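This is structure.pdb (PDB, C-alpha atoms, pLDDT in the B column).
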ATOM      1  CA  MET A 251      -8.724  26.944 -42.486  1.00 82.00           C
ATOM      2  CA  LEU A 252      -9.910  26.075 -46.029  1.00 84.00           C
ATOM      3  CA  THR A 253      -9.039  27.326 -49.510  1.00 79.00           C
ATOM      4  CA  PHE A 254     -12.603  27.053 -50.808  1.00 87.00           C
ATOM      5  CA  ARG A 255     -16.033  28.262 -49.789  1.00 92.00           C
ATOM      6  CA  PRO A 256     -18.069  25.225 -48.655  1.00 93.00           C
ATOM      7  CA  ARG A 257     -21.555  24.754 -50.015  1.00 95.00           C
ATOM      8  CA  GLU A 258     -24.476  24.374 -47.626  1.00 96.00           C
ATOM      9  CA  PRO A 259     -27.525  22.265 -48.532  1.00 98.00           C
ATOM     10  CA  ARG A 260     -30.907  23.984 -48.606  1.00 97.00           C
ATOM     11  CA  HIS A 261     -32.599  20.567 -48.239  1.00 97.00           C
ATOM     12  CA  THR A 262     -31.503  18.401 -45.301  1.00 97.00           C
ATOM     13  CA  ALA A 263     -34.526  16.075 -45.050  1.00 96.00           C
ATOM     14  CA  GLY A 264     -35.455  17.974 -41.894  1.00 96.00           C
ATOM     15  CA  LEU A 265     -32.209  17.076 -40.133  1.00 97.00           C
ATOM     16  CA  PRO A 266     -30.347  19.850 -38.310  1.00 97.00           C
ATOM     17  CA  LEU A 267     -26.621  20.410 -38.622  1.00 97.00           C
ATOM     18  CA  GLN A 268     -25.009  18.654 -35.653  1.00 97.00           C
ATOM     19  CA  SER A 269     -21.318  19.305 -36.182  1.00 97.00           C
ATOM     20  CA  ILE A 270     -18.684  20.522 -38.610  1.00 95.00           C
ATOM     21  CA  GLN A 271     -15.204  19.022 -38.717  1.00 93.00           C
ATOM     22  CA  ILE A 272     -12.230  20.250 -40.701  1.00 91.00           C
ATOM     23  CA  HIS A 273      -9.590  17.557 -41.002  1.00 85.00           C
ATOM     24  CA  VAL A 274      -6.252  19.265 -40.354  1.00 79.00           C
ATOM     25  CA  ARG A 275      -4.216  16.070 -39.803  1.00 81.00           C
ATOM     26  CA  ASP A 276      -3.846  12.909 -41.870  1.00 77.00           C
ATOM     27  CA  HIS A 277      -4.136   9.328 -40.583  1.00 80.00           C
ATOM     28  CA  LYS A 278      -0.500   9.492 -39.354  1.00 85.00           C
ATOM     29  CA  GLN A 279      -1.266  12.676 -37.392  1.00 85.00           C
ATOM     30  CA  ARG A 280       0.813  14.861 -39.736  1.00 84.00           C
ATOM     31  CA  GLU A 281      -0.502  18.376 -40.238  1.00 83.00           C
ATOM     32  CA  LEU A 282      -2.153  18.812 -43.631  1.00 76.00           C
ATOM     33  CA  PRO A 283      -1.469  21.845 -45.802  1.00 71.00           C
ATOM     34  CA  VAL A 284      -4.500  24.151 -46.016  1.00 76.00           C
ATOM     35  CA  ASP A 285      -4.993  23.091 -49.669  1.00 75.00           C
ATOM     36  CA  ASP A 286      -5.430  19.409 -48.647  1.00 76.00           C
ATOM     37  CA  ARG A 287      -8.028  19.799 -45.909  1.00 77.00           C
ATOM     38  CA  THR A 288     -11.493  18.255 -45.929  1.00 89.00           C
ATOM     39  CA  LEU A 289     -14.667  19.656 -44.398  1.00 92.00           C
ATOM     40  CA  GLU A 290     -17.284  17.246 -43.028  1.00 95.00           C
ATOM     41  CA  ALA A 291     -20.739  18.455 -42.029  1.00 97.00           C
ATOM     42  CA  HIS A 292     -22.688  15.940 -39.932  1.00 97.00           C
ATOM     43  CA  TYR A 293     -26.485  16.130 -40.010  1.00 97.00           C
ATOM     44  CA  GLY A 294     -27.266  13.052 -37.903  1.00 93.00           C
ATOM     45  CA  GLY A 295     -28.716  10.927 -40.706  1.00 95.00           C
ATOM     46  CA  PHE A 296     -26.076  11.833 -43.284  1.00 98.00           C
ATOM     47  CA  VAL A 297     -22.643  13.376 -43.703  1.00 98.00           C
ATOM     48  CA  LEU A 298     -21.543  15.830 -46.401  1.00 98.00           C
ATOM     49  CA  SER A 299     -17.821  15.887 -47.214  1.00 96.00           C
ATOM     50  CA  GLN A 300     -16.171  18.564 -49.369  1.00 96.00           C
ATOM     51  CA  SER A 301     -12.510  18.879 -50.319  1.00 93.00           C
ATOM     52  CA  ARG A 302     -10.506  20.858 -52.813  1.00 90.00           C
ATOM     53  CA  LYS A 303      -8.055  19.008 -55.031  1.00 85.00           C
ATOM     54  CA  SER A 304      -6.720  19.474 -58.532  1.00 83.00           C
ATOM     55  CA  ALA A 305      -9.343  18.638 -61.165  1.00 85.00           C
ATOM     56  CA  ASN A 306      -7.577  15.323 -61.894  1.00 84.00           C
ATOM     57  CA  GLU A 307      -7.296  14.429 -58.192  1.00 86.00           C
ATOM     58  CA  ALA A 308     -10.970  15.264 -57.581  1.00 86.00           C
ATOM     59  CA  ARG A 309     -12.076  13.064 -60.493  1.00 87.00           C
ATOM     60  CA  ARG A 310     -10.576   9.834 -59.096  1.00 86.00           C
ATOM     61  CA  PRO A 311     -12.553   9.577 -55.819  1.00 88.00           C
ATOM     62  CA  ALA A 312     -15.673  10.959 -57.521  1.00 90.00           C
ATOM     63  CA  LEU A 313     -15.780   8.753 -60.595  1.00 88.00           C
ATOM     64  CA  ALA A 314     -13.282   5.891 -60.198  1.00 87.00           C
ATOM     65  CA  ALA A 315     -13.436   4.812 -56.532  1.00 89.00           C
ATOM     66  CA  TRP A 316     -16.042   2.253 -55.416  1.00 89.00           C
ATOM     67  CA  TYR A 317     -18.311   2.917 -52.440  1.00 90.00           C
ATOM     68  CA  GLY A 318     -20.636  -0.052 -52.929  1.00 86.00           C
ATOM     69  CA  ARG A 319     -21.410  -2.927 -55.252  1.00 82.00           C
ATOM     70  CA  ALA A 320     -22.906  -1.195 -58.261  1.00 85.00           C
ATOM     71  CA  ALA A 321     -23.039   2.454 -59.194  1.00 93.00           C
ATOM     72  CA  ARG A 322     -25.518   4.293 -61.342  1.00 95.00           C
ATOM     73  CA  GLU A 323     -24.747   7.591 -62.980  1.00 96.00           C
ATOM     74  CA  THR A 324     -26.755  10.764 -62.635  1.00 97.00           C
ATOM     75  CA  GLN A 325     -26.191  14.522 -62.895  1.00 96.00           C
ATOM     76  CA  ILE A 326     -25.743  16.982 -60.045  1.00 97.00           C
ATOM     77  CA  ALA A 327     -25.870  20.577 -61.363  1.00 96.00           C
ATOM     78  CA  GLY A 328     -24.533  19.432 -64.737  1.00 96.00           C
ATOM     79  CA  CYS A 329     -21.709  17.372 -63.196  1.00 96.00           C
ATOM     80  CA  VAL A 330     -21.450  13.606 -63.662  1.00 96.00           C
ATOM     81  CA  ALA A 331     -22.209  11.881 -60.363  1.00 97.00           C
ATOM     82  CA  ARG A 332     -22.215   8.299 -59.160  1.00 97.00           C
ATOM     83  CA  VAL A 333     -24.852   6.893 -56.840  1.00 97.00           C
ATOM     84  CA  PHE A 334     -24.490   3.790 -54.675  1.00 96.00           C
ATOM     85  CA  GLU A 335     -27.608   2.272 -53.117  1.00 93.00           C
ATOM     86  CA  LEU A 336     -28.116   1.595 -49.408  1.00 88.00           C
ATOM     87  CA  GLY A 337     -27.158  -2.000 -48.694  1.00 85.00           C
ATOM     88  CA  PRO A 338     -29.535  -4.612 -47.266  1.00 81.00           C
ATOM     89  CA  GLU A 339     -30.035  -5.015 -43.542  1.00 82.00           C
ATOM     90  CA  PRO A 340     -27.172  -7.177 -42.254  1.00 81.00           C
ATOM     91  CA  ALA A 341     -27.755 -10.537 -40.629  1.00 83.00           C
ATOM     92  CA  PRO A 342     -27.638 -10.579 -36.827  1.00 84.00           C
ATOM     93  CA  GLY A 343     -24.020 -10.732 -35.706  1.00 83.00           C
ATOM     94  CA  ASP A 344     -22.645  -9.377 -38.993  1.00 84.00           C
ATOM     95  CA  ILE A 345     -19.658  -7.275 -37.914  1.00 83.00           C
ATOM     96  CA  ASP A 346     -19.443  -5.358 -41.196  1.00 80.00           C
ATOM     97  CA  GLY A 347     -22.868  -3.762 -40.875  1.00 79.00           C
ATOM     98  CA  ARG A 348     -24.935  -2.190 -43.604  1.00 81.00           C
ATOM     99  CA  ARG A 349     -23.329  -0.577 -46.664  1.00 88.00           C
ATOM    100  CA  PRO A 350     -24.206   3.119 -46.730  1.00 92.00           C
ATOM    101  CA  SER A 351     -25.862   4.891 -49.627  1.00 95.00           C
ATOM    102  CA  VAL A 352     -23.361   7.263 -51.233  1.00 97.00           C
ATOM    103  CA  VAL A 353     -23.445  10.045 -53.838  1.00 97.00           C
ATOM    104  CA  THR A 354     -20.130  11.362 -55.207  1.00 97.00           C
ATOM    105  CA  TRP A 355     -19.271  13.958 -57.833  1.00 97.00           C
ATOM    106  CA  GLN A 356     -16.628  16.416 -58.899  1.00 96.00           C
ATOM    107  CA  ASP A 357     -17.310  20.064 -59.620  1.00 96.00           C
ATOM    108  CA  GLY A 358     -14.068  21.492 -60.978  1.00 93.00           C
ATOM    109  CA  GLU A 359     -11.506  21.203 -58.197  1.00 92.00           C
ATOM    110  CA  ILE A 360     -14.022  20.252 -55.510  1.00 94.00           C
ATOM    111  CA  PHE A 361     -14.812  16.638 -54.601  1.00 95.00           C
ATOM    112  CA  TYR A 362     -18.180  16.026 -52.924  1.00 97.00           C
ATOM    113  CA  LEU A 363     -19.386  12.943 -51.068  1.00 97.00           C
ATOM    114  CA  ILE A 364     -22.703  12.494 -49.261  1.00 98.00           C
ATOM    115  CA  ALA A 365     -23.224   9.253 -47.332  1.00 97.00           C
ATOM    116  CA  SER A 366     -25.857   7.748 -45.054  1.00 97.00           C
ATOM    117  CA  GLY A 367     -26.398   4.430 -43.338  1.00 93.00           C
ATOM    118  CA  GLU A 368     -30.132   5.175 -43.070  1.00 93.00           C
ATOM    119  CA  MET A 369     -31.343   7.298 -45.984  1.00 96.00           C
ATOM    120  CA  SER A 370     -32.077   6.251 -49.549  1.00 95.00           C
ATOM    121  CA  SER A 371     -29.757   7.277 -52.343  1.00 96.00           C
ATOM    122  CA  ASP A 372     -32.650   9.213 -53.930  1.00 96.00           C
ATOM    123  CA  GLU A 373     -32.863  11.388 -50.799  1.00 98.00           C
ATOM    124  CA  LEU A 374     -29.102  11.970 -50.917  1.00 98.00           C
ATOM    125  CA  VAL A 375     -29.395  13.078 -54.554  1.00 98.00           C
ATOM    126  CA  ARG A 376     -32.051  15.637 -53.501  1.00 98.00           C
ATOM    127  CA  ILE A 377     -29.661  16.919 -50.833  1.00 98.00           C
ATOM    128  CA  ALA A 378     -26.824  17.114 -53.384  1.00 98.00           C
ATOM    129  CA  ILE A 379     -28.930  19.084 -55.837  1.00 98.00           C
ATOM    130  CA  SER A 380     -29.893  21.512 -53.070  1.00 98.00           C
ATOM    131  CA  LEU A 381     -26.244  22.580 -52.726  1.00 98.00           C
ATOM    132  CA  TYR A 382     -26.682  24.623 -55.913  1.00 97.00           C
ATOM    133  CA  PRO A 383     -28.906  27.679 -56.519  1.00 92.00           C
TER     134      PRO A 383
END

Translate this structure into structure tokens?
Amino acid sequence: MLTFRPREPRHTAGLPLQSIQIHVRDHKQRELPVDDRTLEAHYGGFVLSQSRKSANEARRPALAAWYGRAARETQIAGCVARVFELGPEPAPGDIDGRRPSVVTWQDGEIFYLIASGEMSSDELVRIAISLYP
């Protein structure tokens, strides 16, 4: 179902794996080629997304897309990563809700994204690092 071997975090902040989804259709319900599929692992408090793309295609969502107001750079296993902080608690009645904390990076042809509406970005970085030996 995938053309890459997904990485599994050794550190999950004590959260068990709840579900794994492989996206086999796009937003228009067209079947995706095996090369374009995304794996999402849901751990309750965070989600880990992994997808294989060309190196250039993986770079754009990892290093050019915006997932929050301001990004800071860090390293995940020698790869440049961007970290977006968890947004403030929304005002009552705010329909947009809280901005999640997000960590994104590219490792060759693989794009990684870890996001949480509850956990700090520092905790997500620890999870990201634990994907590597």

Closest to A:Val274 among A:Met251, A:Met369, A:Ile377, A:Ile345, using only C-alpha atoms?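 When distances to A:Val274 are compared using only C-alpha atoms, the smallest one comes from A:Met251.
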
Result set, the PyMOL selection byres ((chain A and resi 292-300) around 6) on current file, as a ChimeraX atom specification: /A:265-269,288-291,301,361-366

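Between atom CA of A:Tyr382 and atom CA of A:Arg257 the interatomic distance comes to 7.8 Å.
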
Residues at most 12 Å from A:Gly328, counting all atoms listed in the file, excluding those fewer than 2 positions away in the same chain, as a list in words?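 Residues meeting the cut-off are Glu323, Thr324, Gln325, Ile326, Val330, Ala331, Trp355, Gln356, Asp357, Gly358, Ala378, Ile379 and Tyr382 of chain A.
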
Quick one: apply the PyMOL selection byres ((chain A and resi 335) around 12) to the file and drop the selected residues here as a compact mmCIF listing (two decimals) with C-alpha atoms, in the coordinates of the input.
# COMPACT_ATOMS: atom_id res chain seq x y z
CA TRP A 316 -16.04 2.25 -55.42
CA TYR A 317 -18.31 2.92 -52.44
CA GLY A 318 -20.64 -0.05 -52.93
CA ARG A 319 -21.41 -2.93 -55.25
CA ALA A 320 -22.91 -1.20 -58.26
CA ALA A 321 -23.04 2.45 -59.19
CA ARG A 322 -25.52 4.29 -61.34
CA GLU A 323 -24.75 7.59 -62.98
CA ARG A 332 -22.22 8.30 -59.16
CA VAL A 333 -24.85 6.89 -56.84
CA PHE A 334 -24.49 3.79 -54.68
CA LEU A 336 -28.12 1.60 -49.41
CA GLY A 337 -27.16 -2.00 -48.69
CA PRO A 338 -29.54 -4.61 -47.27
CA ARG A 348 -24.94 -2.19 -43.60
CA ARG A 349 -23.33 -0.58 -46.66
CA PRO A 350 -24.21 3.12 -46.73
CA SER A 351 -25.86 4.89 -49.63
CA VAL A 352 -23.36 7.26 -51.23
CA VAL A 353 -23.44 10.04 -53.84
CA THR A 354 -20.13 11.36 -55.21
CA ILE A 364 -22.70 12.49 -49.26
CA ALA A 365 -23.22 9.25 -47.33
CA SER A 366 -25.86 7.75 -45.05
CA GLY A 367 -26.40 4.43 -43.34
CA GLU A 368 -30.13 5.18 -43.07
CA MET A 369 -31.34 7.30 -45.98
CA SER A 370 -32.08 6.25 -49.55
CA SER A 371 -29.76 7.28 -52.34
CA ASP A 372 -32.65 9.21 -53.93
CA GLU A 373 -32.86 11.39 -50.80
CA LEU A 374 -29.10 11.97 -50.92
CA VAL A 375 -29.40 13.08 -54.55

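Our summary of the geometry notes that atom CA of A:Pro256 is positioned 15.6 Å from atom CA of A:Ala327.
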
Test item: axis-aligned box, all listed atoms of stretch 324-343 of chain A, 8 Å on each side, centre and edges in Å rounded to one decimal, as JSON:
{"center_x": -25.7, "center_y": 4.9, "center_z": -50.2, "size_x": 24.6, "size_y": 47.3, "size_z": 45.0}

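For the set A:Thr262, A:Gln271, A:Ser380, A:Thr253, the residue with the smallest atom-to-atom gap to A:Ile360 is A:Thr253, counting all atoms listed in the file.
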
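Among the candidates A:Ala314, A:Gly343, A:Leu381, A:Arg376, the residue lying nearest to A:Ala263 is A:Arg376 (atoms considered: all atoms listed in the file).
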
Counting only C-alpha atoms, which of A:Ile270, A:Asp346, A:Ser304, A:Arg280 gets nearest to A:Glu258?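 Distance minimum relative to A:Glu258 lands on A:Ile270.
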
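Atom CA of A:Glu307 to atom CA of A:Lys278 spans 20.6 Å [interatomic distance, one decimal].
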
Shortest contact to A:Cys329, candidates A:His273, A:Ala341, A:Ala312, A:Asn306, atoms counted only C-alpha atoms, goes to A:Ala312

Find the residue from A:Gln279, A:Glu339, A:Arg302, A:Leu313 that sits nearest to A:Arg255; use all atoms listed in the file when measuring. A:Arg302
